[in-house]
Amino acid sequence: MRFGILVFPGSNCDADCYHAVTSLGQPARYIWHKETSLKGIDAVIVPGGFSFGDYLRCGAIAKQSPIMQELVRFADAGRPVIGICNGFQILTEAGLLPGALMANRSLQFVCKDVNLRVANTRSPFTQLYRNGEVVRMPVAHHDGNYFADDETLRELDGEGQIVFQYCDTEGHVTEDANPNGSARNIAGVINRSRNVLGMMPHPERMAEPLLGGVDGRRVFEGILSQVRV
Amino acid sequence: MRVRVFVSLKPGVLDPQGKAIHHSLETLGFNEVRDVRVGRLITLDMADADRDQAEARVKDMCEKLLANTVIESYRYEFE
């Protein structure tokens, strides 16, 4: 299965994502944001970084790039798309995921490993985790404070669209475990049809023992088992 | 024709920057300040056109790019 990794000016986790999926034995291709086709691609990763210098709002300029129209078609066709960090911000700006990512409550750039509770395993990305499992992945962002209005939050909750939540080591979703002020400690959400995931933590930075752990690897492996089916 | 677009966080959306500035103002003794909200001012220099048409275009710009209406509201003024 072939992964496509979008590259915008200012993307900086593209090589990490490339490494994460190619070490699973999968072919991957970088796709420059000015390209207009995703032909031959089975799953798309929108990587982290600072696309267009985060000018105006994180992801606001990137969503206007030529490849994005094709990405919306790709996602609407039910194919897997994962946005990580800045990629998550781009997917919300593009309307592929609900809500928005605002400046961290602390106004500080937060860079550390966090505990995440897997809140829903019924998605290609989370199917290889156990429900309620606590996993560890790094976050590195200034704008990861997930916001959505109350109605949207209730809907996300009701539909099982909240898939990762910041938690303590025991899996309790507490205010202390929330690194950025996100509503309901949301670290990752999926769309209604469950083929688009956005998450602030970096699974690709926790995908082999040398990086300190392998908790992130199953996100990518999950996409594989989905597409193979 | 110059247009000033003001973009700010919607009421009820937490504004940590505003809070930090408010706190700093209090430290300086400006205790009469009740709340601070930070926004963005975008100035557009546009080709002269029919006012109604231009207004519709600016609104479109706000909806499509200048503001994220999930969290922000906007208003504009023609100079």
# chains A, B, ... in the order shown; residues from 1 in each chain; ligands from 1
>>> closest_atom_pairs(of="chain A", to="chain B", cutoff="9 Å", atoms="only C-alpha atoms", output="Markdown table")
| residue | atom | partner | partner_atom | distance |
| --- | --- | --- | --- | --- |
| A:Leu56 | CA | B:Leu66 | CA | 7.5 |
| A:Arg57 | CA | B:Asn68 | CA | 8.4 |
| A:Ala60 | CA | B:Leu65 | CA | 6.7 |
| A:Ile61 | CA | B:Leu65 | CA | 7.8 |
| A:Gln64 | CA | B:Leu65 | CA | 8.6 |
| A:Glu93 | CA | B:Asn68 | CA | 7.5 |
| A:Pro98 | CA | B:Val70 | CA | 8.7 |
| A:Gly99 | CA | B:Val70 | CA | 6.5 |
| A:Ala100 | CA | B:Val70 | CA | 6.6 |
| A:Met102 | CA | B:Ile71 | CA | 8.4 |
| A:Ala103 | CA | B:Pro16 | CA | 7.7 |
| A:Asn104 | CA | B:Pro16 | CA | 7.8 |
| A:Arg105 | CA | B:Pro16 | CA | 5.6 |
| A:Ser106 | CA | B:Pro16 | CA | 7.1 |
| A:Leu107 | CA | B:Pro16 | CA | 6.7 |
| A:Phe147 | CA | B:Ile71 | CA | 7.7 |
| A:Ala148 | CA | B:Val70 | CA | 7.3 |
| A:Asp149 | CA | B:Val70 | CA | 8.0 |
>>> residues_around(residues="Lys59 (chain B)", least_positions_apart="2", cutoff="12 Å", atoms="only C-alpha atoms", output="CSV table (one decimal) with N, CA and C atoms, in the first residue's frame")
chain,number,residue,atom,x,y,z
B,3,VAL,N,-9.8,49.2,3.1
B,3,VAL,CA,-10.7,48.5,3.9
B,3,VAL,C,-10.0,47.9,5.1
B,4,ARG,N,-10.5,48.2,6.3
B,4,ARG,CA,-9.9,47.6,7.5
B,4,ARG,C,-10.8,46.5,8.0
B,5,VAL,N,-10.2,45.3,8.1
B,5,VAL,CA,-10.9,44.1,8.6
B,5,VAL,C,-10.4,43.8,10.0
B,6,PHE,N,-11.3,43.7,10.9
B,6,PHE,CA,-11.0,43.4,12.3
B,6,PHE,C,-11.4,41.9,12.6
B,7,VAL,N,-10.5,41.1,13.1
B,7,VAL,CA,-10.8,39.7,13.4
B,7,VAL,C,-10.6,39.5,14.8
B,52,ASP,N,-21.2,48.1,-2.9
B,52,ASP,CA,-21.9,46.8,-2.5
B,52,ASP,C,-21.2,45.6,-3.0
B,53,GLN,N,-20.6,45.7,-4.2
B,53,GLN,CA,-19.9,44.6,-4.8
B,53,GLN,C,-18.6,44.3,-3.9
B,54,ALA,N,-17.9,45.4,-3.6
B,54,ALA,CA,-16.7,45.3,-2.8
B,54,ALA,C,-17.0,44.7,-1.5
B,55,GLU,N,-18.1,45.1,-0.9
B,55,GLU,CA,-18.5,44.6,0.4
B,55,GLU,C,-18.7,43.1,0.4
B,56,ALA,N,-19.4,42.7,-0.7
B,56,ALA,CA,-19.6,41.2,-0.8
B,56,ALA,C,-18.3,40.5,-1.0
B,57,ARG,N,-17.4,41.1,-1.7
B,57,ARG,CA,-16.1,40.4,-1.9
B,57,ARG,C,-15.3,40.3,-0.6
B,61,MET,N,-13.9,37.1,1.4
B,61,MET,CA,-12.5,36.9,1.9
B,61,MET,C,-12.5,36.5,3.3
B,62,CYS,N,-13.3,37.2,4.1
B,62,CYS,CA,-13.3,36.9,5.6
B,62,CYS,C,-13.8,35.4,5.8
B,63,GLU,N,-14.8,35.0,5.1
B,63,GLU,CA,-15.3,33.7,5.3
B,63,GLU,C,-14.3,32.6,4.8
B,64,LYS,N,-13.6,32.9,3.7
B,64,LYS,CA,-12.8,31.9,3.1
B,64,LYS,C,-11.4,31.9,3.7
B,65,LEU,N,-10.9,33.0,4.2
B,65,LEU,CA,-9.5,33.0,4.6
B,65,LEU,C,-9.2,33.8,5.9
B,66,LEU,N,-9.7,35.1,5.9
B,66,LEU,CA,-9.2,36.0,6.9
B,66,LEU,C,-9.6,35.6,8.3
B,67,ALA,N,-10.8,35.0,8.4
B,67,ALA,CA,-11.2,34.6,9.8
B,67,ALA,C,-11.6,33.1,9.7
B,69,THR,N,-14.3,31.1,11.2
B,69,THR,CA,-15.5,31.4,11.9
B,69,THR,C,-15.9,30.4,12.9
B,73,SER,N,-14.9,36.0,15.1
B,73,SER,CA,-15.8,36.8,14.3
B,73,SER,C,-15.1,37.9,13.7
B,74,TYR,N,-15.7,38.6,12.7
B,74,TYR,CA,-15.0,39.6,12.0
B,74,TYR,C,-16.0,40.8,11.7
B,75,ARG,N,-15.4,42.0,11.5
B,75,ARG,CA,-16.2,43.1,11.0
B,75,ARG,C,-15.3,43.9,10.1
B,76,TYR,N,-15.8,44.8,9.3
B,76,TYR,CA,-14.9,45.5,8.4
B,76,TYR,C,-15.5,47.0,8.2
B,77,GLU,N,-14.5,47.8,7.9
B,77,GLU,CA,-14.9,49.3,7.7
B,77,GLU,C,-14.3,49.7,6.4
>>> residues_around(residues="Val196 (chain A)", least_positions_apart="3", cutoff="6 Å", atoms="only C-alpha atoms", output="list of chain:residue names")
A:Pro80, A:Val81, A:Ile82, A:Ile190, A:Asn191
>>> residues_around(residues="region 11-27 of chain A", least_positions_apart="6", cutoff="9 Å", atoms="only C-alpha atoms", output="list in words")
Met1, Arg2, Phe3, Gly4, Ile5, Ile45, Val46, Pro47, Gly48, Gly49, Phe50, Ser51, Phe52, Ile84, Asn86, Gly87, Pro203, Glu204, Arg205, Ala207, Glu208, Arg217, Phe220, Glu221 and Leu224 of chain A
>>> select_by_dssp(residues="region 15-227 of chain A", states="alpha helix (DSSP H)", output="number ranges by chain")
A: 15-22, 66-76, 86-93, 150-158, 217-227
>>> closest_residue(among="A:Gly10, A:Pro209, A:Pro201, A:Pro124", to="Cys58 (chain A)", atoms="only C-alpha atoms")
A:Gly10
>>> decode(residues="region 48-78 of chain A", atoms="N, CA and C atoms", output="PDB file, in the first residue's frame")
ATOM      1  N   GLY A  48       3.433  17.213  10.388  1.00  0.00           N
ATOM      2  CA  GLY A  48       3.583  18.392  11.232  1.00  0.00           C
ATOM      3  C   GLY A  48       4.607  19.372  10.686  1.00  0.00           C
ATOM      4  N   GLY A  49       4.707  20.482  11.372  1.00  0.00           N
ATOM      5  CA  GLY A  49       5.641  21.529  10.959  1.00  0.00           C
ATOM      6  C   GLY A  49       5.011  22.889  11.137  1.00  0.00           C
ATOM      7  N   PHE A  50       5.448  23.808  10.313  1.00  0.00           N
ATOM      8  CA  PHE A  50       4.941  25.179  10.408  1.00  0.00           C
ATOM      9  C   PHE A  50       4.644  25.656   8.989  1.00  0.00           C
ATOM     10  N   SER A  51       3.651  25.015   8.358  1.00  0.00           N
ATOM     11  CA  SER A  51       3.384  25.335   6.965  1.00  0.00           C
ATOM     12  C   SER A  51       3.150  26.836   6.800  1.00  0.00           C
ATOM     13  N   PHE A  52       3.816  27.405   5.811  1.00  0.00           N
ATOM     14  CA  PHE A  52       3.716  28.843   5.521  1.00  0.00           C
ATOM     15  C   PHE A  52       3.965  29.689   6.767  1.00  0.00           C
ATOM     16  N   GLY A  53       4.868  29.195   7.634  1.00  0.00           N
ATOM     17  CA  GLY A  53       5.283  29.987   8.789  1.00  0.00           C
ATOM     18  C   GLY A  53       4.174  30.236   9.793  1.00  0.00           C
ATOM     19  N   ASP A  54       3.077  29.448   9.711  1.00  0.00           N
ATOM     20  CA  ASP A  54       1.936  29.666  10.605  1.00  0.00           C
ATOM     21  C   ASP A  54       1.342  31.070  10.425  1.00  0.00           C
ATOM     22  N   TYR A  55       1.607  31.712   9.289  1.00  0.00           N
ATOM     23  CA  TYR A  55       1.082  33.064   9.079  1.00  0.00           C
ATOM     24  C   TYR A  55      -0.445  33.053   9.082  1.00  0.00           C
ATOM     25  N   LEU A  56      -1.026  34.104   9.510  1.00  0.00           N
ATOM     26  CA  LEU A  56      -2.478  34.300   9.662  1.00  0.00           C
ATOM     27  C   LEU A  56      -3.030  33.401  10.758  1.00  0.00           C
ATOM     28  N   ARG A  57      -3.149  32.100  10.512  1.00  0.00           N
ATOM     29  CA  ARG A  57      -3.497  31.095  11.535  1.00  0.00           C
ATOM     30  C   ARG A  57      -2.814  29.817  11.089  1.00  0.00           C
ATOM     31  N   CYS A  58      -2.518  28.934  12.040  1.00  0.00           N
ATOM     32  CA  CYS A  58      -1.872  27.668  11.677  1.00  0.00           C
ATOM     33  C   CYS A  58      -2.747  26.920  10.673  1.00  0.00           C
ATOM     34  N   GLY A  59      -2.205  26.632   9.525  1.00  0.00           N
ATOM     35  CA  GLY A  59      -2.934  25.833   8.531  1.00  0.00           C
ATOM     36  C   GLY A  59      -3.821  26.634   7.596  1.00  0.00           C
ATOM     37  N   ALA A  60      -3.991  27.921   7.866  1.00  0.00           N
ATOM     38  CA  ALA A  60      -4.947  28.724   7.078  1.00  0.00           C
ATOM     39  C   ALA A  60      -4.484  28.913   5.632  1.00  0.00           C
ATOM     40  N   ILE A  61      -3.192  29.087   5.445  1.00  0.00           N
ATOM     41  CA  ILE A  61      -2.682  29.295   4.082  1.00  0.00           C
ATOM     42  C   ILE A  61      -2.562  27.937   3.373  1.00  0.00           C
ATOM     43  N   ALA A  62      -2.141  26.934   4.133  1.00  0.00           N
ATOM     44  CA  ALA A  62      -1.950  25.599   3.543  1.00  0.00           C
ATOM     45  C   ALA A  62      -3.249  25.056   2.951  1.00  0.00           C
ATOM     46  N   LYS A  63      -4.360  25.399   3.596  1.00  0.00           N
ATOM     47  CA  LYS A  63      -5.618  24.821   3.100  1.00  0.00           C
ATOM     48  C   LYS A  63      -5.967  25.324   1.698  1.00  0.00           C
ATOM     49  N   GLN A  64      -5.329  26.402   1.266  1.00  0.00           N
ATOM     50  CA  GLN A  64      -5.590  26.946  -0.081  1.00  0.00           C
ATOM     51  C   GLN A  64      -4.698  26.311  -1.141  1.00  0.00           C
ATOM     52  N   SER A  65      -3.763  25.464  -0.749  1.00  0.00           N
ATOM     53  CA  SER A  65      -2.834  24.868  -1.714  1.00  0.00           C
ATOM     54  C   SER A  65      -3.573  23.972  -2.708  1.00  0.00           C
ATOM     55  N   PRO A  66      -3.046  23.891  -3.944  1.00  0.00           N
ATOM     56  CA  PRO A  66      -3.712  23.102  -4.985  1.00  0.00           C
ATOM     57  C   PRO A  66      -4.026  21.660  -4.573  1.00  0.00           C
ATOM     58  N   ILE A  67      -3.138  20.985  -3.859  1.00  0.00           N
ATOM     59  CA  ILE A  67      -3.360  19.574  -3.531  1.00  0.00           C
ATOM     60  C   ILE A  67      -4.576  19.386  -2.621  1.00  0.00           C
ATOM     61  N   MET A  68      -4.987  20.445  -1.925  1.00  0.00           N
ATOM     62  CA  MET A  68      -6.026  20.284  -0.915  1.00  0.00           C
ATOM     63  C   MET A  68      -7.394  19.918  -1.504  1.00  0.00           C
ATOM     64  N   GLN A  69      -7.702  20.443  -2.697  1.00  0.00           N
ATOM     65  CA  GLN A  69      -8.979  20.084  -3.319  1.00  0.00           C
ATOM     66  C   GLN A  69      -9.033  18.590  -3.581  1.00  0.00           C
ATOM     67  N   GLU A  70      -7.904  18.081  -4.056  1.00  0.00           N
ATOM     68  CA  GLU A  70      -7.799  16.647  -4.334  1.00  0.00           C
ATOM     69  C   GLU A  70      -7.869  15.854  -3.025  1.00  0.00           C
ATOM     70  N   LEU A  71      -7.279  16.401  -1.964  1.00  0.00           N
ATOM     71  CA  LEU A  71      -7.315  15.704  -0.667  1.00  0.00           C
ATOM     72  C   LEU A  71      -8.753  15.609  -0.147  1.00  0.00           C
ATOM     73  N   VAL A  72      -9.530  16.671  -0.354  1.00  0.00           N
ATOM     74  CA  VAL A  72     -10.934  16.640   0.070  1.00  0.00           C
ATOM     75  C   VAL A  72     -11.693  15.556  -0.709  1.00  0.00           C
ATOM     76  N   ARG A  73     -11.445  15.468  -2.010  1.00  0.00           N
ATOM     77  CA  ARG A  73     -12.084  14.410  -2.813  1.00  0.00           C
ATOM     78  C   ARG A  73     -11.670  13.027  -2.322  1.00  0.00           C
ATOM     79  N   PHE A  74     -10.373  12.878  -2.044  1.00  0.00           N
ATOM     80  CA  PHE A  74      -9.790  11.618  -1.560  1.00  0.00           C
ATOM     81  C   PHE A  74     -10.463  11.201  -0.253  1.00  0.00           C
ATOM     82  N   ALA A  75     -10.618  12.154   0.657  1.00  0.00           N
ATOM     83  CA  ALA A  75     -11.238  11.871   1.956  1.00  0.00           C
ATOM     84  C   ALA A  75     -12.723  11.568   1.783  1.00  0.00           C
ATOM     85  N   ASP A  76     -13.378  12.333   0.905  1.00  0.00           N
ATOM     86  CA  ASP A  76     -14.810  12.098   0.672  1.00  0.00           C
ATOM     87  C   ASP A  76     -15.060  10.717   0.086  1.00  0.00           C
ATOM     88  N   ALA A  77     -14.050  10.168  -0.593  1.00  0.00           N
ATOM     89  CA  ALA A  77     -14.187   8.822  -1.172  1.00  0.00           C
ATOM     90  C   ALA A  77     -13.952   7.750  -0.108  1.00  0.00           C
ATOM     91  N   GLY A  78     -13.735   8.183   1.130  1.00  0.00           N
ATOM     92  CA  GLY A  78     -13.616   7.219   2.223  1.00  0.00           C
ATOM     93  C   GLY A  78     -12.216   6.673   2.432  1.00  0.00           C
TER      94      GLY A  78
END
